[in-house]
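Source file final_1.cif; content: mmCIF, C-alpha atoms.
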data_target
loop_
_atom_site.group_PDB
_atom_site.id
_atom_site.type_symbol
_atom_site.label_atom_id
_atom_site.label_comp_id
_atom_site.auth_asym_id
_atom_site.auth_seq_id
_atom_site.Cartn_x
_atom_site.Cartn_y
_atom_site.Cartn_z
ATOM 1 C CA MET A 1333 -29.925 48.443 -0.606
ATOM 2 C CA THR A 1334 -29.850 51.533 1.596
ATOM 3 C CA VAL A 1335 -27.001 51.791 4.054
ATOM 4 C CA THR A 1336 -26.903 54.247 6.921
ATOM 5 C CA LYS A 1337 -23.582 56.028 7.146
ATOM 6 C CA THR A 1338 -22.113 56.815 10.525
ATOM 7 C CA THR A 1339 -19.095 58.862 11.453
ATOM 8 C CA ALA A 1340 -15.942 56.771 11.203
ATOM 9 C CA THR A 1341 -13.416 56.661 14.010
ATOM 10 C CA THR A 1342 -9.735 56.812 13.128
ATOM 11 C CA ALA A 1343 -7.392 54.373 14.771
ATOM 12 C CA THR A 1344 -4.298 55.663 16.530
ATOM 13 C CA ALA A 1345 -0.857 54.156 16.784
ATOM 14 C CA GLU A 1346 -1.864 52.864 20.199
ATOM 15 C CA THR A 1347 -4.378 50.413 18.711
ATOM 16 C CA THR A 1348 -3.019 47.087 19.886
ATOM 17 C CA ALA A 1349 -3.627 45.129 16.673
ATOM 18 C CA GLY A 1350 -2.134 47.849 14.483
ATOM 19 C CA ARG A 1351 0.789 48.996 16.618
ATOM 20 C CA GLY A 1352 3.873 49.272 14.412
ATOM 21 C CA ALA A 1353 1.927 48.406 11.259
ATOM 22 C CA ALA A 1354 2.209 50.460 8.075
ATOM 23 C CA ILE A 1355 -1.504 49.883 7.376
ATOM 24 C CA HIS A 1356 -4.272 48.907 9.762
ATOM 25 C CA LEU A 1357 -7.971 48.798 8.861
ATOM 26 C CA GLU A 1358 -10.485 47.619 11.433
ATOM 27 C CA ASP A 1359 -14.112 46.797 10.498
ATOM 28 C CA VAL A 1360 -14.151 49.386 7.692
ATOM 29 C CA THR A 1361 -17.157 49.860 5.410
ATOM 30 C CA VAL A 1362 -17.234 52.324 2.498
ATOM 31 C CA GLY A 1363 -19.057 52.925 -0.764
ATOM 32 C CA TYR A 1364 -20.446 55.524 -3.129
ATOM 33 C CA ASP A 1365 -23.776 57.268 -2.435
ATOM 34 C CA ASP A 1366 -25.746 54.575 -0.586
ATOM 35 C CA ARG A 1367 -24.098 51.612 -2.312
ATOM 36 C CA PRO A 1368 -21.461 49.793 -0.264
ATOM 37 C CA VAL A 1369 -18.377 48.604 -2.151
ATOM 38 C CA LEU A 1370 -16.335 47.250 0.760
ATOM 39 C CA GLU A 1371 -17.832 46.017 4.028
ATOM 40 C CA HIS A 1372 -16.284 44.980 7.368
ATOM 41 C CA VAL A 1373 -12.722 45.145 6.065
ATOM 42 C CA ASN A 1374 -9.957 44.084 8.458
ATOM 43 C CA LEU A 1375 -6.415 44.387 7.140
ATOM 44 C CA THR A 1376 -2.959 44.803 8.653
ATOM 45 C CA LEU A 1377 0.263 45.185 6.653
ATOM 46 C CA GLN A 1378 3.716 45.632 8.133
ATOM 47 C CA PRO A 1379 6.420 48.030 6.882
ATOM 48 C CA GLY A 1380 8.342 46.576 3.951
ATOM 49 C CA ALA A 1381 5.388 44.547 2.674
ATOM 50 C CA LEU A 1382 5.259 43.840 -1.065
ATOM 51 C CA THR A 1383 1.578 43.034 -1.472
ATOM 52 C CA ALA A 1384 -0.692 42.413 -4.451
ATOM 53 C CA VAL A 1385 -4.417 43.137 -4.172
ATOM 54 C CA VAL A 1386 -6.365 40.769 -6.424
ATOM 55 C CA GLY A 1387 -10.052 40.318 -7.135
ATOM 56 C CA PRO A 1388 -12.757 40.758 -9.771
ATOM 57 C CA ASN A 1389 -13.698 44.027 -11.436
ATOM 58 C CA GLY A 1390 -15.956 46.042 -9.169
ATOM 59 C CA GLY A 1391 -14.830 43.983 -6.189
ATOM 60 C CA GLY A 1392 -13.225 46.946 -4.405
ATOM 61 C CA LYS A 1393 -9.518 46.872 -5.291
ATOM 62 C CA SER A 1394 -9.338 50.520 -6.390
ATOM 63 C CA THR A 1395 -11.605 51.583 -3.538
ATOM 64 C CA LEU A 1396 -9.301 49.919 -1.016
ATOM 65 C CA LEU A 1397 -6.302 51.844 -2.341
ATOM 66 C CA LYS A 1398 -8.202 55.145 -2.255
ATOM 67 C CA LEU A 1399 -9.256 54.478 1.326
ATOM 68 C CA ILE A 1400 -5.668 53.949 2.384
ATOM 69 C CA ALA A 1401 -4.566 57.042 0.428
ATOM 70 C CA GLY A 1402 -7.163 59.133 2.251
ATOM 71 C CA LEU A 1403 -9.064 59.970 -0.946
ATOM 72 C CA LEU A 1404 -12.191 58.271 0.402
ATOM 73 C CA LYS A 1405 -13.541 58.492 3.927
ATOM 74 C CA PRO A 1406 -14.836 55.296 5.564
ATOM 75 C CA TRP A 1407 -18.495 55.157 6.538
ATOM 76 C CA THR A 1408 -17.652 53.078 9.566
ATOM 77 C CA GLY A 1409 -14.561 51.543 11.123
ATOM 78 C CA ARG A 1410 -11.043 52.694 11.910
ATOM 79 C CA ILE A 1411 -8.022 53.310 9.700
ATOM 80 C CA ASP A 1412 -4.376 53.859 10.608
ATOM 81 C CA VAL A 1413 -1.773 54.655 7.922
ATOM 82 C CA LEU A 1414 1.888 55.121 8.869
ATOM 83 C CA GLY A 1415 0.903 55.656 12.479
ATOM 84 C CA GLY A 1416 -1.814 58.274 11.926
ATOM 85 C CA ALA A 1417 -5.151 58.911 10.265
ATOM 86 C CA ALA A 1418 -5.370 58.214 6.533
ATOM 87 C CA GLY A 1419 -4.341 61.381 4.694
ATOM 88 C CA VAL A 1420 -2.483 62.957 7.624
ATOM 89 C CA ARG A 1421 0.929 61.824 6.338
ATOM 90 C CA ALA A 1422 0.019 62.274 2.665
ATOM 91 C CA ARG A 1423 3.499 63.520 1.775
ATOM 92 C CA GLU A 1424 4.834 60.083 2.634
ATOM 93 C CA VAL A 1425 2.266 58.267 0.488
ATOM 94 C CA ALA A 1426 2.586 57.928 -3.297
ATOM 95 C CA TYR A 1427 -0.687 57.017 -5.013
ATOM 96 C CA VAL A 1428 -0.527 56.064 -8.705
ATOM 97 C CA PRO A 1429 -3.941 55.602 -10.403
ATOM 98 C CA GLN A 1430 -4.899 53.402 -13.311
ATOM 99 C CA ALA A 1431 -3.595 54.618 -16.660
ATOM 100 C CA GLU A 1432 -7.019 55.599 -17.989
ATOM 101 C CA ALA A 1433 -7.498 58.010 -15.065
ATOM 102 C CA VAL A 1434 -4.823 60.298 -16.512
ATOM 103 C CA ASP A 1435 -5.275 63.049 -19.118
ATOM 104 C CA TRP A 1436 -2.452 62.128 -21.476
ATOM 105 C CA GLY A 1437 -3.179 65.154 -23.705
ATOM 106 C CA PHE A 1438 -2.040 67.596 -21.031
ATOM 107 C CA PRO A 1439 0.943 69.528 -22.494
ATOM 108 C CA ILE A 1440 3.626 68.619 -19.997
ATOM 109 C CA SER A 1441 6.976 66.870 -20.281
ATOM 110 C CA ALA A 1442 7.966 63.621 -18.593
ATOM 111 C CA GLY A 1443 10.409 65.540 -16.389
ATOM 112 C CA ASP A 1444 7.677 67.970 -15.304
ATOM 113 C CA VAL A 1445 5.398 65.052 -14.399
ATOM 114 C CA VAL A 1446 8.109 63.581 -12.199
ATOM 115 C CA MET A 1447 8.798 66.970 -10.607
ATOM 116 C CA MET A 1448 5.159 66.999 -9.435
ATOM 117 C CA GLY A 1449 6.215 64.330 -6.967
ATOM 118 C CA ARG A 1450 8.448 66.930 -5.283
ATOM 119 C CA TYR A 1451 5.868 69.731 -4.972
ATOM 120 C CA PRO A 1452 4.112 68.649 -1.746
ATOM 121 C CA ALA A 1453 7.371 68.971 0.189
ATOM 122 C CA LEU A 1454 8.256 72.276 -1.485
ATOM 123 C CA GLY A 1455 5.221 74.220 -0.325
ATOM 124 C CA PRO A 1456 3.418 76.948 -2.314
ATOM 125 C CA LEU A 1457 6.207 79.558 -2.306
ATOM 126 C CA ARG A 1458 9.333 77.508 -3.025
ATOM 127 C CA ARG A 1459 10.703 76.712 -6.443
ATOM 128 C CA PRO A 1460 12.487 73.397 -7.123
ATOM 129 C CA GLY A 1461 16.144 73.559 -6.202
ATOM 130 C CA PRO A 1462 19.205 71.498 -7.125
ATOM 131 C CA ARG A 1463 18.227 68.683 -4.746
ATOM 132 C CA ASP A 1464 14.782 68.437 -6.368
ATOM 133 C CA HIS A 1465 16.172 68.378 -9.901
ATOM 134 C CA ALA A 1466 18.687 65.726 -8.841
ATOM 135 C CA ALA A 1467 15.896 63.603 -7.334
ATOM 136 C CA VAL A 1468 13.884 63.868 -10.554
ATOM 137 C CA ALA A 1469 16.868 62.880 -12.696
ATOM 138 C CA ALA A 1470 17.662 59.944 -10.412
ATOM 139 C CA ALA A 1471 14.058 58.720 -10.473
ATOM 140 C CA LEU A 1472 13.894 58.873 -14.271
ATOM 141 C CA ASP A 1473 17.182 56.991 -14.518
ATOM 142 C CA GLN A 1474 15.897 54.405 -12.057
ATOM 143 C CA VAL A 1475 13.006 53.514 -14.383
ATOM 144 C CA GLY A 1476 15.080 53.752 -17.564
ATOM 145 C CA MET A 1477 13.575 57.061 -18.760
ATOM 146 C CA GLY A 1478 16.477 59.473 -18.256
ATOM 147 C CA ALA A 1479 16.709 60.207 -21.983
ATOM 148 C CA TYR A 1480 13.022 61.157 -22.201
ATOM 149 C CA ALA A 1481 12.855 63.953 -19.617
ATOM 150 C CA ARG A 1482 11.886 66.587 -22.193
ATOM 151 C CA ARG A 1483 9.454 64.389 -24.127
ATOM 152 C CA GLN A 1484 5.757 65.354 -23.951
ATOM 153 C CA ILE A 1485 3.966 62.752 -21.857
ATOM 154 C CA GLY A 1486 1.320 62.086 -24.525
ATOM 155 C CA ALA A 1487 4.029 61.210 -27.067
ATOM 156 C CA LEU A 1488 5.261 58.295 -24.973
ATOM 157 C CA SER A 1489 4.169 54.690 -25.300
ATOM 158 C CA GLY A 1490 1.954 53.081 -22.681
ATOM 159 C CA GLY A 1491 4.866 51.330 -21.027
ATOM 160 C CA GLN A 1492 6.943 54.517 -21.012
ATOM 161 C CA ARG A 1493 4.101 56.423 -19.361
ATOM 162 C CA ARG A 1494 3.911 53.818 -16.605
ATOM 163 C CA ARG A 1495 7.634 54.202 -16.056
ATOM 164 C CA VAL A 1496 7.276 57.995 -15.783
ATOM 165 C CA PHE A 1497 4.473 57.789 -13.231
ATOM 166 C CA LEU A 1498 6.445 55.333 -11.147
ATOM 167 C CA ALA A 1499 9.368 57.793 -11.352
ATOM 168 C CA ARG A 1500 7.021 60.493 -10.056
ATOM 169 C CA ALA A 1501 6.224 58.292 -7.081
ATOM 170 C CA LEU A 1502 9.928 57.548 -6.501
ATOM 171 C CA ALA A 1503 10.815 61.243 -6.625
ATOM 172 C CA SER A 1504 8.436 61.974 -3.753
ATOM 173 C CA GLU A 1505 10.537 59.646 -1.556
ATOM 174 C CA PRO A 1506 7.503 58.016 0.095
ATOM 175 C CA GLU A 1507 7.230 55.424 2.826
ATOM 176 C CA LEU A 1508 4.136 53.889 1.209
ATOM 177 C CA TYR A 1509 3.373 53.146 -2.447
ATOM 178 C CA LEU A 1510 -0.238 52.594 -3.549
ATOM 179 C CA LEU A 1511 -0.397 51.555 -7.206
ATOM 180 C CA ASP A 1512 -3.563 50.740 -9.139
ATOM 181 C CA GLU A 1513 -2.794 48.215 -11.901
ATOM 182 C CA PRO A 1514 0.787 49.479 -12.398
ATOM 183 C CA VAL A 1515 1.804 46.788 -14.898
ATOM 184 C CA THR A 1516 -1.467 46.145 -16.728
ATOM 185 C CA GLY A 1517 -1.065 46.184 -20.491
ATOM 186 C CA VAL A 1518 2.697 46.713 -20.544
ATOM 187 C CA ASP A 1519 5.232 44.533 -22.317
ATOM 188 C CA PRO A 1520 7.063 41.836 -20.307
ATOM 189 C CA ALA A 1521 10.337 43.780 -20.200
ATOM 190 C CA THR A 1522 8.613 46.856 -18.758
ATOM 191 C CA GLN A 1523 6.751 44.716 -16.248
ATOM 192 C CA GLU A 1524 10.000 43.147 -15.071
ATOM 193 C CA ASP A 1525 11.722 46.530 -14.807
ATOM 194 C CA LEU A 1526 8.896 48.142 -12.818
ATOM 195 C CA MET A 1527 8.586 45.188 -10.455
ATOM 196 C CA ARG A 1528 12.349 45.155 -9.934
ATOM 197 C CA VAL A 1529 12.167 48.788 -8.796
ATOM 198 C CA LEU A 1530 9.202 48.130 -6.509
ATOM 199 C CA GLY A 1531 10.881 45.057 -5.059
ATOM 200 C CA ALA A 1532 13.970 47.108 -4.252
ATOM 201 C CA GLU A 1533 11.822 49.734 -2.506
ATOM 202 C CA ALA A 1534 10.192 47.033 -0.364
ATOM 203 C CA LYS A 1535 13.595 45.573 0.525
ATOM 204 C CA ALA A 1536 14.629 49.053 1.654
ATOM 205 C CA GLY A 1537 11.735 49.051 4.138
ATOM 206 C CA ARG A 1538 9.100 50.946 2.158
ATOM 207 C CA THR A 1539 5.631 49.422 1.913
ATOM 208 C CA VAL A 1540 4.306 48.581 -1.559
ATOM 209 C CA ILE A 1541 0.671 47.722 -2.285
ATOM 210 C CA ALA A 1542 -0.448 47.219 -5.889
ATOM 211 C CA SER A 1543 -3.682 46.000 -7.395
ATOM 212 C CA THR A 1544 -3.448 43.564 -10.289
ATOM 213 C CA HIS A 1545 -5.699 41.331 -12.349
ATOM 214 C CA ASP A 1546 -2.712 39.178 -13.361
ATOM 215 C CA LEU A 1547 -2.500 36.256 -10.954
ATOM 216 C CA ALA A 1548 0.660 34.903 -12.571
ATOM 217 C CA SER A 1549 2.365 38.241 -11.956
ATOM 218 C CA ALA A 1550 1.044 38.309 -8.395
ATOM 219 C CA THR A 1551 2.605 34.925 -7.709
ATOM 220 C CA GLU A 1552 5.917 35.743 -9.375
ATOM 221 C CA HIS A 1553 6.559 39.289 -8.175
ATOM 222 C CA PHE A 1554 4.833 39.781 -4.821
ATOM 223 C CA ARG A 1555 5.508 38.314 -1.404
ATOM 224 C CA SER A 1556 1.938 38.486 -0.113
ATOM 225 C CA ILE A 1557 -1.608 38.591 -1.471
ATOM 226 C CA VAL A 1558 -4.838 40.250 -0.368
ATOM 227 C CA ALA A 1559 -7.892 38.797 -2.134
ATOM 228 C CA VAL A 1560 -10.807 41.241 -2.283
ATOM 229 C CA ASN A 1561 -14.434 40.936 -3.349
ATOM 230 C CA GLY A 1562 -16.660 43.254 -1.351
ATOM 231 C CA THR A 1563 -14.529 42.475 1.696
ATOM 232 C CA ILE A 1564 -11.204 40.793 2.432
ATOM 233 C CA ILE A 1565 -11.668 37.190 1.305
ATOM 234 C CA ALA A 1566 -8.172 36.048 2.269
ATOM 235 C CA GLN A 1567 -4.732 37.382 3.128
ATOM 236 C CA GLY A 1568 -1.481 35.460 3.099
ATOM 237 C CA ASP A 1569 1.633 34.642 1.119
ATOM 238 C CA ALA A 1570 1.720 34.506 -2.674
ATOM 239 C CA SER A 1571 0.667 30.838 -2.734
ATOM 240 C CA LEU A 1572 -2.902 32.008 -2.034
ATOM 241 C CA VAL A 1573 -3.463 32.458 -5.764
ATOM 242 C CA LEU A 1574 -2.984 28.700 -6.184
ATOM 243 C CA ASP A 1575 -5.746 27.922 -3.685
ATOM 244 C CA THR A 1576 -8.844 27.052 -5.718
ATOM 245 C CA ASP A 1577 -11.154 27.640 -2.759
ATOM 246 C CA VAL A 1578 -9.803 31.166 -2.300
ATOM 247 C CA LEU A 1579 -10.114 31.807 -6.054
ATOM 248 C CA ARG A 1580 -13.672 30.481 -6.113
ATOM 249 C CA ARG A 1581 -14.713 32.672 -3.186
ATOM 250 C CA THR A 1582 -12.926 35.696 -4.635
ATOM 251 C CA TYR A 1583 -14.029 35.494 -8.260
ATOM 252 C CA GLY A 1584 -17.256 33.508 -8.074
ATOM 253 C CA GLY A 1585 -18.823 33.324 -11.515
ATOM 254 C CA HIS A 1586 -15.834 35.088 -13.073
ATOM 255 C CA LEU A 1587 -13.784 31.949 -12.500
ATOM 256 C CA LEU A 1588 -14.177 29.125 -15.006
ATOM 257 C CA PHE A 1589 -12.830 25.683 -14.119
ATOM 258 C CA VAL A 1590 -11.592 23.555 -17.031
ATOM 259 C CA GLY A 1591 -10.792 20.221 -15.468
ATOM 260 C CA ASP A 1592 -8.675 21.129 -12.465
ATOM 261 C CA ARG A 1593 -7.392 24.359 -14.022
ATOM 262 C CA ALA A 1594 -8.834 27.744 -13.106
ATOM 263 C CA VAL A 1595 -9.325 30.228 -15.951
ATOM 264 C CA LEU A 1596 -10.199 33.848 -15.105
ATOM 265 C CA ILE A 1597 -12.586 35.825 -17.283
ATOM 266 C CA ASP A 1598 -11.912 39.415 -16.327
ATOM 267 C CA ASP A 1599 -11.674 42.902 -17.849
ATOM 268 C CA ALA A 1600 -8.362 44.422 -16.827
ATOM 269 C CA HIS A 1601 -9.353 48.032 -17.518
ATOM 270 C CA HIS A 1602 -12.249 48.665 -15.191
ATOM 271 C CA HIS A 1603 -12.480 50.867 -12.125
ATOM 272 C CA ASP A 1604 -14.614 50.039 -9.157
ATOM 273 C CA GLU A 1605 -17.853 51.753 -10.066
ATOM 274 C CA ALA A 1606 -17.930 55.206 -8.505
ATOM 275 C CA ALA A 1607 -20.616 57.733 -7.955
ATOM 276 C CA GLY A 1608 -21.043 60.247 -10.767
ATOM 277 C CA GLY A 1609 -18.678 63.162 -10.405
ATOM 278 C CA GLU A 1610 -16.078 61.385 -8.279
ATOM 279 C CA ILE A 1611 -12.631 62.811 -8.973
ATOM 280 C CA HIS A 1612 -9.788 60.351 -9.418
ATOM 281 C CA HIS A 1613 -6.697 62.259 -8.264
ATOM 282 C CA HIS A 1614 -3.233 61.416 -9.539
ATOM 283 C CA ASP A 1615 -2.031 61.117 -5.987
ATOM 284 C CA GLY A 1616 -3.041 62.020 -2.481
ATOM 285 C CA ALA A 1617 -0.446 64.681 -1.914
ATOM 286 C CA ASP A 1618 -0.903 67.268 -4.655
ATOM 287 C CA GLY A 1619 -3.766 68.818 -6.478
ATOM 288 C CA GLY A 1620 -2.798 67.554 -9.906
ATOM 289 C CA PRO A 1621 -5.358 67.202 -12.687
ATOM 290 C CA GLY A 1622 -7.793 64.383 -12.134
ATOM 291 C CA HIS A 1623 -10.353 62.433 -14.070
ATOM 292 C CA ARG A 1624 -14.100 62.576 -13.570
ATOM 293 C CA SER A 1625 -15.888 59.282 -13.939
#

Representation of the structure as structure tokens:
Amino acid sequence: MTVTKTTATTATAETTAGRGAAIHLEDVTVGYDDRPVLEHVNLTLQPGALTAVVGPNGGGKSTLLKLIAGLLKPWTGRIDVLGGAAGVRAREVAYVPQAEAVDWGFPISAGDVVMMGRYPALGPLRRPGPRDHAAVAAALDQVGMGAYARRQIGALSGGQRRRVFLARALASEPELYLLDEPVTGVDPATQEDLMRVLGAEAKAGRTVIASTHDLASATEHFRSIVAVNGTIIAQGDASLVLDTDVLRRTYGGHLLFVGDRAVLIDDAHHHDEAAGGEIHHHDGADGGPGHRS
């Protein structure tokens, strides 16, 4: 299907529906090349939200996060993030990609990775000072990785790497966290630790949005749910994942009903399909190494 792209209009803080919201998307459509991935998306999230984005592979979860981060431009519609256009307040947004979007062979220590979260505020001519090193140490301690600051990132386990990249986000002191499958494939203890940290950030007034394929985790750890499959299927509190009608409309053929129980058949390690050559940045604020899909 061929879709005509038009210039998108950015919402301002004066938009009535989005006034005071951390995130406001109004009739947004976006895709890759001429293939739409998300169409007519309307979404509003308030500051302090702790929200899980759920849906099937290829349904648009990663694309939604990239839109909010300002890494993708909408074809149509209006977007407001932290009171301005998406990307304008990038220093206050921490975007953490899926684990497979990271080059784990890059020769850099865990502490250096976390320090990258400080660079956008430093500017090109400043070197990290005592306050920056203290913020890095505090972030590593917060995720239980203080003893691994000098360890090469590729030598860490999968769960330890997730902890380090969350520490990088924490060190940037953002108002908005955008995390793509932050607890996929980690052990239960790591999952609990990471969600405890994110929950504390939300309680402190920061906004947390994370995609997940794990509906049990979404119910247990998040306060609200956004169900996505080509558009916003439903938005509400965490009980949405117990609504079989919402699950059926969200997952379609990926949802198998055994009696009155819903069983999901899903691949947890799959990006929304992107156009060849798209660069998946580590976050929206610095020019760190990315991954070409």

Just checking: using all atoms listed in the file, which residue out of A:Arg1528, A:His1356, A:Ala1384, A:Lys1405 ends up closest to Ala1548 of chain A?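 With all atoms listed in the file as the atom set, the closest residue is A:Ala1384.
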
Between atom CA of Arg1450 of chain A and atom CA of Leu1502 of chain A, measure the distance and give it in Å to one decimal.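 According to the coordinates, atom CA of Arg1450 of chain A and atom CA of Leu1502 of chain A are separated by 9.6 Å.
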
When the PyMOL selection byres ((chain A and resi 1473-1486) around 6) is applied to the file above, which residues end up in the set, as a list in words?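 When the PyMOL selection byres ((chain A and resi 1473-1486) around 6) is applied, the selected residues are Trp1436, Gly1437, Ile1440, Ser1441, Ala1442, Gly1443, Ala1470, Ala1471, Leu1472, Ala1487, Leu1488 and Arg1495 of chain A.
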
Here's the selection I'm unsure about, the PyMOL selection byres ((chain A and resi 1507-1521) around 7); applied to the file above, which residues does it give, as a count of residues only? 25

May I ask for the distance between atom CA of Gly1387 of chain A and atom CA of Trp1407 of chain A, given in Å to one decimal place?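 Computing the Euclidean distance for atom CA of Gly1387 of chain A and atom CA of Trp1407 of chain A yields 21.9 Å.
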
Any idea what's packed within 6 Å of Ala1503 of chain A, counting only C-alpha atoms, ignoring anything in its chain fewer than 3 positions away? Could you give it as an NGL selection string? :A and (1449 or 1467-1468 or 1471 or 1500)

Point-to-point distance in Å for atom CA of Tyr1583 of chain A and atom CA of Pro1379 of chain A: 28.4 Å

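Proximity to Gly1391 of chain A was assessed for A:Val1445, A:Ala1418, A:Val1560, A:Leu1375 counting only C-alpha atoms; the smallest distance is recorded for A:Val1560.
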
Identify which of the residues A:Ser1504, A:Ser1556, A:Thr1551, A:Gln1492 lies closest to Leu1526 of chain A, counting all atoms listed in the file when measuring atom-to-atom distances. A:Gln1492

Residues within 9 Å of Leu1572 of chain A, only C-alpha atoms, excluding chain neighbours under 5 positions, as a PyMOL selection string: chain A and resi 1551+1556-1559+1566-1567+1578-1579

Using C-alpha atoms, can you export the residues from the last selection as a compact mmCIF listing (two decimals), in the frame of the given file?
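Final output, saved to result.txt:
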# COMPACT_ATOMS: atom_id res chain seq x y z
CA THR A 1551 2.60 34.92 -7.71
CA SER A 1556 1.94 38.49 -0.11
CA ILE A 1557 -1.61 38.59 -1.47
CA VAL A 1558 -4.84 40.25 -0.37
CA ALA A 1559 -7.89 38.80 -2.13
CA ALA A 1566 -8.17 36.05 2.27
CA GLN A 1567 -4.73 37.38 3.13
CA VAL A 1578 -9.80 31.17 -2.30
CA LEU A 1579 -10.11 31.81 -6.05

Check what the PyMOL selection byres ((chain A and resi 1531) around 10) selects in the file above and give those residues as a PyMOL selection string. chain A and resi 1380-1382+1525-1530+1532-1536+1538-1540+1553-1555

Find the residue from A:Val1386, A:Val1420, A:Ile1411, A:Leu1399 that sits nearest to Glu1358 of chain A; use all atoms listed in the file when measuring. A:Ile1411

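Of the residues listed (A:Arg1580, A:Ile1355, A:Leu1396, A:Met1448), A:Met1448 shows the shortest atom-to-atom separation from Ala1499 of chain A; distances use all atoms listed in the file.
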
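Using all atoms listed in the file, the nearest neighbour of Gly1562 of chain A within the list A:Thr1582, A:Thr1408, A:Thr1576, A:Ser1549 is A:Thr1582.
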